[in-house]
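Colleague: Dropping in structure_18.csv, with CSV, N, CA and C atoms.
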```csv
chain,number,residue,atom,x,y,z
A,16,MET,N,84.3,-15.0,78.2
A,16,MET,CA,84.7,-14.1,77.2
A,16,MET,C,85.9,-13.3,77.6
A,17,ASN,N,85.9,-12.8,78.8
A,17,ASN,CA,87.0,-12.0,79.2
A,17,ASN,C,88.3,-12.7,79.2
A,18,ARG,N,88.4,-13.9,79.6
A,18,ARG,CA,89.6,-14.7,79.5
A,18,ARG,C,90.1,-15.0,78.1
A,19,VAL,N,89.1,-15.2,77.2
A,19,VAL,CA,89.4,-15.5,75.8
A,19,VAL,C,90.0,-14.2,75.2
A,20,LEU,N,89.4,-13.1,75.5
A,20,LEU,CA,90.0,-11.8,75.0
A,20,LEU,C,91.3,-11.5,75.6
A,21,LEU,N,91.5,-11.9,76.8
A,21,LEU,CA,92.8,-11.6,77.5
A,21,LEU,C,93.9,-12.5,76.9
A,22,TRP,N,93.7,-13.8,76.7
A,22,TRP,CA,94.7,-14.7,76.3
A,22,TRP,C,94.9,-14.8,74.8
A,23,THR,N,93.9,-14.7,74.0
A,23,THR,CA,94.0,-15.0,72.6
A,23,THR,C,95.1,-14.1,71.9
A,24,PRO,N,95.1,-12.8,72.0
A,24,PRO,CA,96.1,-12.0,71.3
A,24,PRO,C,97.5,-12.3,71.9
A,25,ARG,N,97.6,-12.6,73.2
A,25,ARG,CA,98.9,-12.9,73.8
A,25,ARG,C,99.5,-14.2,73.2
A,26,ILE,N,98.7,-15.2,73.2
A,26,ILE,CA,99.1,-16.5,72.7
A,26,ILE,C,99.4,-16.5,71.2
A,27,LEU,N,98.6,-15.8,70.5
A,27,LEU,CA,98.9,-15.6,69.0
A,27,LEU,C,100.2,-14.9,68.8
A,28,ALA,N,100.4,-13.9,69.6
A,28,ALA,CA,101.7,-13.1,69.4
A,28,ALA,C,102.9,-14.0,69.7
A,29,ALA,N,102.8,-14.8,70.8
A,29,ALA,CA,103.9,-15.6,71.1
A,29,ALA,C,104.1,-16.7,70.0
A,30,LEU,N,103.0,-17.3,69.5
A,30,LEU,CA,103.1,-18.3,68.5
A,30,LEU,C,103.7,-17.6,67.2
A,31,PHE,N,103.3,-16.4,66.9
A,31,PHE,CA,103.8,-15.7,65.7
A,31,PHE,C,105.3,-15.5,65.9
A,32,ALA,N,105.7,-15.1,67.1
A,32,ALA,CA,107.2,-14.9,67.3
A,32,ALA,C,107.9,-16.2,67.0
A,33,LEU,N,107.4,-17.3,67.5
A,33,LEU,CA,108.0,-18.6,67.2
A,33,LEU,C,108.0,-18.9,65.7
A,34,PHE,N,106.9,-18.6,65.0
A,34,PHE,CA,106.8,-18.9,63.6
A,34,PHE,C,107.9,-18.1,62.8
A,35,ILE,N,108.0,-16.8,63.1
A,35,ILE,CA,109.0,-16.1,62.3
A,35,ILE,C,110.4,-16.4,62.7
A,36,SER,N,110.6,-17.0,63.9
A,36,SER,CA,111.9,-17.4,64.3
A,36,SER,C,112.4,-18.5,63.4
A,37,LEU,N,111.5,-19.3,62.9
A,37,LEU,CA,111.9,-20.5,62.1
A,37,LEU,C,112.6,-20.0,60.8
A,38,PHE,N,112.3,-18.9,60.3
A,38,PHE,CA,112.9,-18.4,59.1
A,38,PHE,C,114.4,-18.0,59.3
A,39,ALA,N,114.7,-17.7,60.6
A,39,ALA,CA,116.1,-17.4,60.9
A,39,ALA,C,117.0,-18.6,60.9
A,40,LEU,N,116.4,-19.8,60.9
A,40,LEU,CA,117.3,-21.0,61.0
A,40,LEU,C,118.0,-21.4,59.7
A,41,ASP,N,117.6,-20.6,58.6
A,41,ASP,CA,118.3,-20.9,57.3
A,41,ASP,C,119.7,-20.5,57.3
A,42,VAL,N,120.2,-19.8,58.3
A,42,VAL,CA,121.6,-19.4,58.4
A,42,VAL,C,122.5,-20.6,58.6
A,43,PHE,N,121.9,-21.7,59.1
A,43,PHE,CA,122.7,-22.9,59.4
A,43,PHE,C,123.0,-23.7,58.1
A,44,SER,N,122.2,-23.4,57.1
A,44,SER,CA,122.4,-24.1,55.8
A,44,SER,C,123.2,-23.3,54.8
A,45,ALA,N,123.7,-22.1,55.2
A,45,ALA,CA,124.4,-21.2,54.3
A,45,ALA,C,125.9,-21.5,54.3
A,46,GLY,N,126.4,-22.4,55.0
A,46,GLY,CA,127.8,-22.7,55.0
A,46,GLY,C,128.7,-21.8,55.8
A,47,TYR,N,128.2,-21.1,56.8
A,47,TYR,CA,129.0,-20.2,57.6
A,47,TYR,C,129.7,-21.0,58.6
A,48,SER,N,130.8,-20.4,59.1
A,48,SER,CA,131.5,-21.0,60.3
A,48,SER,C,130.6,-20.8,61.5
A,49,LEU,N,130.9,-21.5,62.6
A,49,LEU,CA,130.0,-21.4,63.8
A,49,LEU,C,129.9,-20.0,64.3
A,50,ALA,N,131.0,-19.2,64.3
A,50,ALA,CA,130.9,-17.8,64.8
A,50,ALA,C,130.1,-17.0,63.8
A,51,GLU,N,130.3,-17.2,62.5
A,51,GLU,CA,129.5,-16.4,61.6
A,51,GLU,C,128.0,-16.8,61.6
A,52,ALA,N,127.7,-18.1,61.8
A,52,ALA,CA,126.3,-18.5,61.9
A,52,ALA,C,125.6,-17.9,63.1
A,53,VAL,N,126.4,-17.8,64.3
A,53,VAL,CA,125.8,-17.2,65.5
A,53,VAL,C,125.4,-15.8,65.2
A,54,VAL,N,126.4,-15.0,64.6
A,54,VAL,CA,126.1,-13.6,64.3
A,54,VAL,C,125.0,-13.5,63.4
A,55,ALA,N,124.9,-14.3,62.3
A,55,ALA,CA,123.9,-14.2,61.3
A,55,ALA,C,122.5,-14.6,62.0
A,56,LEU,N,122.5,-15.5,62.9
A,56,LEU,CA,121.3,-15.9,63.6
A,56,LEU,C,120.8,-14.8,64.4
A,57,ILE,N,121.7,-14.1,65.1
A,57,ILE,CA,121.2,-12.9,65.9
A,57,ILE,C,120.6,-11.9,65.1
A,58,VAL,N,121.2,-11.6,63.9
A,58,VAL,CA,120.7,-10.6,63.0
A,58,VAL,C,119.4,-11.1,62.4
A,59,HIS,N,119.3,-12.3,62.0
A,59,HIS,CA,118.0,-12.8,61.4
A,59,HIS,C,116.9,-12.9,62.4
A,60,LEU,N,117.2,-12.9,63.7
A,60,LEU,CA,116.1,-12.9,64.7
A,60,LEU,C,115.6,-11.6,65.1
A,61,SER,N,116.2,-10.5,64.4
A,61,SER,CA,115.7,-9.1,64.8
A,61,SER,C,114.2,-8.9,64.7
A,62,PRO,N,113.5,-9.5,63.6
A,62,PRO,CA,112.1,-9.3,63.6
A,62,PRO,C,111.4,-10.0,64.8
A,63,THR,N,112.0,-11.1,65.3
A,63,THR,CA,111.4,-11.7,66.4
A,63,THR,C,111.6,-10.9,67.7
A,64,TYR,N,112.7,-10.2,67.8
A,64,TYR,CA,112.9,-9.3,68.9
A,64,TYR,C,111.9,-8.2,68.9
A,65,LEU,N,111.5,-7.7,67.8
A,65,LEU,CA,110.5,-6.6,67.7
A,65,LEU,C,109.2,-7.1,68.1
A,66,VAL,N,108.8,-8.3,67.6
A,66,VAL,CA,107.5,-8.9,68.0
A,66,VAL,C,107.5,-9.1,69.5
A,67,VAL,N,108.5,-9.7,70.1
A,67,VAL,CA,108.6,-9.9,71.5
A,67,VAL,C,108.5,-8.6,72.3
A,68,ALA,N,109.2,-7.6,71.8
A,68,ALA,CA,109.1,-6.3,72.5
A,68,ALA,C,107.7,-5.7,72.4
A,69,ALA,N,107.0,-5.9,71.3
A,69,ALA,CA,105.6,-5.4,71.2
A,69,ALA,C,104.7,-6.2,72.1
A,70,LEU,N,105.0,-7.5,72.2
A,70,LEU,CA,104.2,-8.3,73.1
A,70,LEU,C,104.4,-7.9,74.6
A,71,ILE,N,105.6,-7.6,74.9
A,71,ILE,CA,105.9,-7.2,76.3
A,71,ILE,C,105.1,-5.9,76.6
A,72,ILE,N,105.1,-5.0,75.7
A,72,ILE,CA,104.4,-3.7,75.8
A,72,ILE,C,102.9,-4.0,75.9
A,73,ALA,N,102.4,-4.8,75.0
A,73,ALA,CA,101.0,-5.1,74.9
A,73,ALA,C,100.4,-5.9,76.1
A,74,TRP,N,101.3,-6.6,76.7
A,74,TRP,CA,100.9,-7.4,77.9
A,74,TRP,C,100.3,-6.5,79.0
A,75,ARG,N,100.8,-5.4,79.1
A,75,ARG,CA,100.4,-4.4,80.1
A,75,ARG,C,99.5,-3.4,79.6
A,76,TRP,N,99.8,-2.8,78.4
A,76,TRP,CA,99.1,-1.7,77.8
A,76,TRP,C,98.6,-2.2,76.5
A,77,GLU,N,97.4,-2.6,76.4
A,77,GLU,CA,96.8,-3.2,75.2
A,77,GLU,C,96.8,-2.3,74.1
A,78,TRP,N,96.4,-1.0,74.3
A,78,TRP,CA,96.3,0.0,73.3
A,78,TRP,C,97.6,0.3,72.6
A,79,LEU,N,98.6,0.4,73.5
A,79,LEU,CA,100.0,0.7,73.0
A,79,LEU,C,100.5,-0.5,72.2
A,80,GLY,N,100.2,-1.7,72.7
A,80,GLY,CA,100.6,-2.9,72.0
A,80,GLY,C,99.9,-3.0,70.7
A,81,GLY,N,98.6,-2.7,70.6
A,81,GLY,CA,97.9,-2.7,69.4
A,81,GLY,C,98.5,-1.8,68.4
A,82,LEU,N,98.9,-0.6,68.8
A,82,LEU,CA,99.6,0.3,67.9
A,82,LEU,C,101.0,-0.2,67.5
A,83,ALA,N,101.7,-0.9,68.4
A,83,ALA,CA,103.0,-1.5,68.0
A,83,ALA,C,102.8,-2.6,67.0
A,84,PHE,N,101.8,-3.4,67.2
A,84,PHE,CA,101.6,-4.5,66.2
A,84,PHE,C,101.1,-3.9,64.8
A,85,THR,N,100.3,-2.9,64.9
A,85,THR,CA,99.9,-2.2,63.7
A,85,THR,C,101.1,-1.6,63.0
A,86,GLY,N,102.0,-1.0,63.7
A,86,GLY,CA,103.2,-0.4,63.1
A,86,GLY,C,104.1,-1.5,62.5
A,87,LEU,N,104.2,-2.7,63.2
A,87,LEU,CA,105.0,-3.8,62.6
A,87,LEU,C,104.4,-4.3,61.3
A,88,GLY,N,103.0,-4.4,61.3
A,88,GLY,CA,102.3,-4.8,60.1
A,88,GLY,C,102.5,-3.8,59.0
A,89,LEU,N,102.4,-2.5,59.3
A,89,LEU,CA,102.6,-1.5,58.2
A,89,LEU,C,104.1,-1.5,57.7
A,90,ALA,N,105.0,-1.7,58.6
A,90,ALA,CA,106.4,-1.7,58.2
A,90,ALA,C,106.7,-2.9,57.3
A,91,TYR,N,106.1,-4.0,57.6
A,91,TYR,CA,106.2,-5.2,56.7
A,91,TYR,C,105.6,-5.0,55.4
A,92,VAL,N,104.4,-4.5,55.3
A,92,VAL,CA,103.7,-4.4,54.1
A,92,VAL,C,104.3,-3.3,53.2
A,93,LEU,N,104.6,-2.1,53.8
A,93,LEU,CA,105.2,-1.0,53.1
A,93,LEU,C,106.7,-1.3,52.8
A,94,GLY,N,107.4,-2.0,53.6
A,94,GLY,CA,108.8,-2.2,53.5
A,94,GLY,C,109.2,-3.1,52.3
A,95,PHE,N,108.3,-4.0,51.9
A,95,PHE,CA,108.6,-4.9,50.8
A,95,PHE,C,107.9,-4.4,49.5
A,96,ASP,N,107.1,-3.3,49.6
A,96,ASP,CA,106.7,-2.6,48.4
A,96,ASP,C,106.1,-3.4,47.3
A,97,GLY,N,105.4,-4.4,47.6
A,97,GLY,CA,104.7,-5.2,46.5
A,97,GLY,C,105.6,-6.2,45.8
A,98,ARG,N,106.8,-6.5,46.4
A,98,ARG,CA,107.7,-7.4,45.7
A,98,ARG,C,107.5,-8.9,46.1
A,99,LEU,N,106.6,-9.1,47.0
A,99,LEU,CA,106.3,-10.5,47.4
A,99,LEU,C,104.9,-10.9,47.0
A,100,PRO,N,104.7,-12.2,46.9
A,100,PRO,CA,103.3,-12.6,46.6
A,100,PRO,C,102.3,-12.2,47.7
A,101,TRP,N,101.1,-12.1,47.3
A,101,TRP,CA,100.1,-11.6,48.2
A,101,TRP,C,99.9,-12.6,49.4
A,102,THR,N,100.3,-13.8,49.3
A,102,THR,CA,100.2,-14.8,50.4
A,102,THR,C,101.2,-14.4,51.5
A,103,ALA,N,102.3,-13.9,51.1
A,103,ALA,CA,103.3,-13.5,52.1
A,103,ALA,C,102.7,-12.3,53.0
A,104,TYR,N,102.1,-11.4,52.3
A,104,TYR,CA,101.5,-10.3,53.0
A,104,TYR,C,100.3,-10.7,53.9
A,105,ALA,N,99.6,-11.7,53.4
A,105,ALA,CA,98.4,-12.2,54.2
A,105,ALA,C,98.9,-13.0,55.4
A,106,ALA,N,100.0,-13.8,55.2
A,106,ALA,CA,100.5,-14.6,56.3
A,106,ALA,C,101.2,-13.7,57.4
A,107,ILE,N,102.1,-12.9,57.0
A,107,ILE,CA,102.8,-12.1,57.9
A,107,ILE,C,102.1,-10.8,58.3
A,108,GLY,N,101.8,-10.0,57.4
A,108,GLY,CA,101.2,-8.7,57.7
A,108,GLY,C,99.8,-8.9,58.2
A,109,GLY,N,99.0,-9.8,57.7
A,109,GLY,CA,97.7,-10.1,58.1
A,109,GLY,C,97.7,-10.6,59.6
A,110,SER,N,98.7,-11.4,59.9
A,110,SER,CA,98.8,-11.9,61.3
A,110,SER,C,99.0,-10.8,62.3
A,111,LEU,N,99.9,-9.9,61.9
A,111,LEU,CA,100.3,-8.8,62.7
A,111,LEU,C,99.0,-7.8,62.9
A,112,PHE,N,98.3,-7.6,61.8
A,112,PHE,CA,97.1,-6.8,61.9
A,112,PHE,C,96.0,-7.5,62.8
A,113,LEU,N,95.9,-8.8,62.6
A,113,LEU,CA,94.9,-9.5,63.5
A,113,LEU,C,95.3,-9.4,64.9
A,114,ILE,N,96.5,-9.6,65.3
A,114,ILE,CA,97.0,-9.5,66.7
A,114,ILE,C,96.7,-8.1,67.2
A,115,ALA,N,97.0,-7.1,66.4
A,115,ALA,CA,96.8,-5.7,66.8
A,115,ALA,C,95.3,-5.5,67.0
A,116,ALA,N,94.4,-6.0,66.2
A,116,ALA,CA,93.0,-5.8,66.3
A,116,ALA,C,92.5,-6.5,67.6
A,117,LEU,N,93.0,-7.6,67.9
A,117,LEU,CA,92.6,-8.3,69.1
A,117,LEU,C,93.1,-7.6,70.4
A,118,PHE,N,94.3,-7.0,70.3
A,118,PHE,CA,94.7,-6.2,71.5
A,118,PHE,C,93.8,-4.9,71.6
A,119,PHE,N,93.5,-4.3,70.5
A,119,PHE,CA,92.6,-3.1,70.6
A,119,PHE,C,91.2,-3.5,71.2
A,120,ILE,N,90.7,-4.7,70.7
A,120,ILE,CA,89.4,-5.1,71.2
A,120,ILE,C,89.5,-5.5,72.7
A,121,ASP,N,90.6,-6.1,73.1
A,121,ASP,CA,90.8,-6.4,74.5
A,121,ASP,C,90.9,-5.1,75.4
A,122,GLY,N,91.6,-4.2,74.9
A,122,GLY,CA,91.7,-2.9,75.6
A,122,GLY,C,90.4,-2.2,75.7
A,123,ALA,N,89.6,-2.2,74.6
A,123,ALA,CA,88.3,-1.5,74.7
A,123,ALA,C,87.4,-2.3,75.6
A,124,TYR,N,87.4,-3.6,75.6
A,124,TYR,CA,86.6,-4.4,76.5
A,124,TYR,C,86.9,-4.1,78.0
A,125,ARG,N,88.2,-4.0,78.3
A,125,ARG,CA,88.7,-3.8,79.6
A,125,ARG,C,88.2,-2.4,80.1
A,126,ARG,N,88.3,-1.4,79.2
A,126,ARG,CA,87.9,0.0,79.6
A,126,ARG,C,86.4,0.0,79.8
A,127,LEU,N,85.7,-0.7,79.0
A,127,LEU,CA,84.2,-0.7,79.1
A,127,LEU,C,83.8,-1.4,80.4
A,128,ARG,N,84.5,-2.5,80.8
A,128,ARG,CA,84.2,-3.2,82.0
A,128,ARG,C,84.6,-2.4,83.2
A,129,ALA,N,85.7,-1.6,83.1
A,129,ALA,CA,86.1,-0.8,84.2
A,129,ALA,C,85.2,0.4,84.5
A,130,SER,N,84.5,0.9,83.5
A,130,SER,CA,83.6,2.0,83.6
A,130,SER,C,82.2,1.6,84.1
A,131,MET,N,82.0,0.3,84.2
A,131,MET,CA,80.6,-0.2,84.7
A,131,MET,C,80.6,-0.3,86.2
```
What is this file in structure tokens?
Modeller:
Amino acid sequence: MNRVLLWTPRILAALFALFISLFALDVFSAGYSLAEAVVALIVHLSPTYLVVAALIIAWRWEWLGGLAFTGLGLAYVLGFDGRLPWTAYAAIGGSLFLIAALFFIDGAYRRLRASM
């Protein structure tokens, strides 16, 4: 159980970062020059950078990482203000909230085990 709680949120967060990175690849179909496409790709990957930063934080400090993923989920849900279909909120926001919850559970489990 301990190893599952340790690795599940970390693996899900890494897979989520890869998943949202796929959306940045649309810059190559926009007809940009190579230099413009590289700049656009760097900009379009900014959400991935935030997820990776949250994962780096959460790798060591589960509670802080849980807060970071909760913040990213809230920023996504509140930032689009109901303009997207509910499935987008479920896929992106829901994934971020799930990862946050798993980091919170892992942190609580570690504290409980340390106090025994």
Colleague: Excluding same-chain residues fewer than 5 positions from range 62-67 of chain A, what lies within 8 Å of it counting only N, CA and C atoms, as a ChimeraX atom specification?
Modeller: /A:28-29,31-33,35-36,57,72-73,83-84,87
Colleague: When you draw a straight line from CA of Ala90 in chain A to atom N of Glu51 in chain A, how long is it in Å?
Modeller: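 Spanning CA of Ala90 in chain A to atom N of Glu51 in chain A is a straight-line distance of 28.8 Å.
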Colleague: Leaving out Leu21 in chain A and any residue of its chain fewer than 4 positions from it, which residues lie within 8 Å of it when counting only N, CA and C atoms, given as a PyMOL selection string?
Modeller: chain A and resi 16-17+25-26+117+120-122
Colleague: Report as a list in words all protein, DNA and RNA residues lying within 12 Å of Leu79 in chain A, evaluated on only C-alpha atoms, omitting residues in the same chain fewer than 3 positions from it.
Modeller: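 Non-adjacent residues within range: Ala68, Ala69, Leu70, Ile71, Ile72, Ala73, Trp74, Arg75, Trp76, Leu82, Ala83, Phe84, Thr85, Gly86, Ala115, Ala116, Phe118, Phe119, Asp121 and Gly122 of chain A.
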Colleague: For the selection just defined, write its residues with N, CA and C atoms to a file, as a PDB file, keeping the file's coordinate frame.
Modeller:
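After the write, selection.pdb holds the following:
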```
ATOM      1  N   ALA A  68     109.200  -7.600  71.800  1.00  0.00           N
ATOM      2  CA  ALA A  68     109.100  -6.300  72.500  1.00  0.00           C
ATOM      3  C   ALA A  68     107.700  -5.700  72.400  1.00  0.00           C
ATOM      4  N   ALA A  69     107.000  -5.900  71.300  1.00  0.00           N
ATOM      5  CA  ALA A  69     105.600  -5.400  71.200  1.00  0.00           C
ATOM      6  C   ALA A  69     104.700  -6.200  72.100  1.00  0.00           C
ATOM      7  N   LEU A  70     105.000  -7.500  72.200  1.00  0.00           N
ATOM      8  CA  LEU A  70     104.200  -8.300  73.100  1.00  0.00           C
ATOM      9  C   LEU A  70     104.400  -7.900  74.600  1.00  0.00           C
ATOM     10  N   ILE A  71     105.600  -7.600  74.900  1.00  0.00           N
ATOM     11  CA  ILE A  71     105.900  -7.200  76.300  1.00  0.00           C
ATOM     12  C   ILE A  71     105.100  -5.900  76.600  1.00  0.00           C
ATOM     13  N   ILE A  72     105.100  -5.000  75.700  1.00  0.00           N
ATOM     14  CA  ILE A  72     104.400  -3.700  75.800  1.00  0.00           C
ATOM     15  C   ILE A  72     102.900  -4.000  75.900  1.00  0.00           C
ATOM     16  N   ALA A  73     102.400  -4.800  75.000  1.00  0.00           N
ATOM     17  CA  ALA A  73     101.000  -5.100  74.900  1.00  0.00           C
ATOM     18  C   ALA A  73     100.400  -5.900  76.100  1.00  0.00           C
ATOM     19  N   TRP A  74     101.300  -6.600  76.700  1.00  0.00           N
ATOM     20  CA  TRP A  74     100.900  -7.400  77.900  1.00  0.00           C
ATOM     21  C   TRP A  74     100.300  -6.500  79.000  1.00  0.00           C
ATOM     22  N   ARG A  75     100.800  -5.400  79.100  1.00  0.00           N
ATOM     23  CA  ARG A  75     100.400  -4.400  80.100  1.00  0.00           C
ATOM     24  C   ARG A  75      99.500  -3.400  79.600  1.00  0.00           C
ATOM     25  N   TRP A  76      99.800  -2.800  78.400  1.00  0.00           N
ATOM     26  CA  TRP A  76      99.100  -1.700  77.800  1.00  0.00           C
ATOM     27  C   TRP A  76      98.600  -2.200  76.500  1.00  0.00           C
ATOM     28  N   LEU A  82      98.900  -0.600  68.800  1.00  0.00           N
ATOM     29  CA  LEU A  82      99.600   0.300  67.900  1.00  0.00           C
ATOM     30  C   LEU A  82     101.000  -0.200  67.500  1.00  0.00           C
ATOM     31  N   ALA A  83     101.700  -0.900  68.400  1.00  0.00           N
ATOM     32  CA  ALA A  83     103.000  -1.500  68.000  1.00  0.00           C
ATOM     33  C   ALA A  83     102.800  -2.600  67.000  1.00  0.00           C
ATOM     34  N   PHE A  84     101.800  -3.400  67.200  1.00  0.00           N
ATOM     35  CA  PHE A  84     101.600  -4.500  66.200  1.00  0.00           C
ATOM     36  C   PHE A  84     101.100  -3.900  64.800  1.00  0.00           C
ATOM     37  N   THR A  85     100.300  -2.900  64.900  1.00  0.00           N
ATOM     38  CA  THR A  85      99.900  -2.200  63.700  1.00  0.00           C
ATOM     39  C   THR A  85     101.100  -1.600  63.000  1.00  0.00           C
ATOM     40  N   GLY A  86     102.000  -1.000  63.700  1.00  0.00           N
ATOM     41  CA  GLY A  86     103.200  -0.400  63.100  1.00  0.00           C
ATOM     42  C   GLY A  86     104.100  -1.500  62.500  1.00  0.00           C
ATOM     43  N   ALA A 115      97.000  -7.100  66.400  1.00  0.00           N
ATOM     44  CA  ALA A 115      96.800  -5.700  66.800  1.00  0.00           C
ATOM     45  C   ALA A 115      95.300  -5.500  67.000  1.00  0.00           C
ATOM     46  N   ALA A 116      94.400  -6.000  66.200  1.00  0.00           N
ATOM     47  CA  ALA A 116      93.000  -5.800  66.300  1.00  0.00           C
ATOM     48  C   ALA A 116      92.500  -6.500  67.600  1.00  0.00           C
ATOM     49  N   PHE A 118      94.300  -7.000  70.300  1.00  0.00           N
ATOM     50  CA  PHE A 118      94.700  -6.200  71.500  1.00  0.00           C
ATOM     51  C   PHE A 118      93.800  -4.900  71.600  1.00  0.00           C
ATOM     52  N   PHE A 119      93.500  -4.300  70.500  1.00  0.00           N
ATOM     53  CA  PHE A 119      92.600  -3.100  70.600  1.00  0.00           C
ATOM     54  C   PHE A 119      91.200  -3.500  71.200  1.00  0.00           C
ATOM     55  N   ASP A 121      90.600  -6.100  73.100  1.00  0.00           N
ATOM     56  CA  ASP A 121      90.800  -6.400  74.500  1.00  0.00           C
ATOM     57  C   ASP A 121      90.900  -5.100  75.400  1.00  0.00           C
ATOM     58  N   GLY A 122      91.600  -4.200  74.900  1.00  0.00           N
ATOM     59  CA  GLY A 122      91.700  -2.900  75.600  1.00  0.00           C
ATOM     60  C   GLY A 122      90.400  -2.200  75.700  1.00  0.00           C
TER      61      GLY A 122
END
```
Colleague: Record the distance separating CA of Ile107 in chain A and CA of Arg126 in chain A, expressed in Å with one decimal.
Modeller: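 CA of Arg126 in chain A lies at a distance of 29.0 Å from CA of Ile107 in chain A.
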Colleague: How many Å separate atom C of Val54 in chain A from atom N of Ala39 in chain A?
Modeller: 11.5 Å
Colleague: Please provide the set of residues having any atom within 12 Å of Ala106 in chain A, restricted to only C-alpha atoms, with same-chain residues fewer than 2 positions apart removed, written as a PyMOL selection string.
Modeller: chain A and resi 31+34-35+88+91-92+99-104+108-113
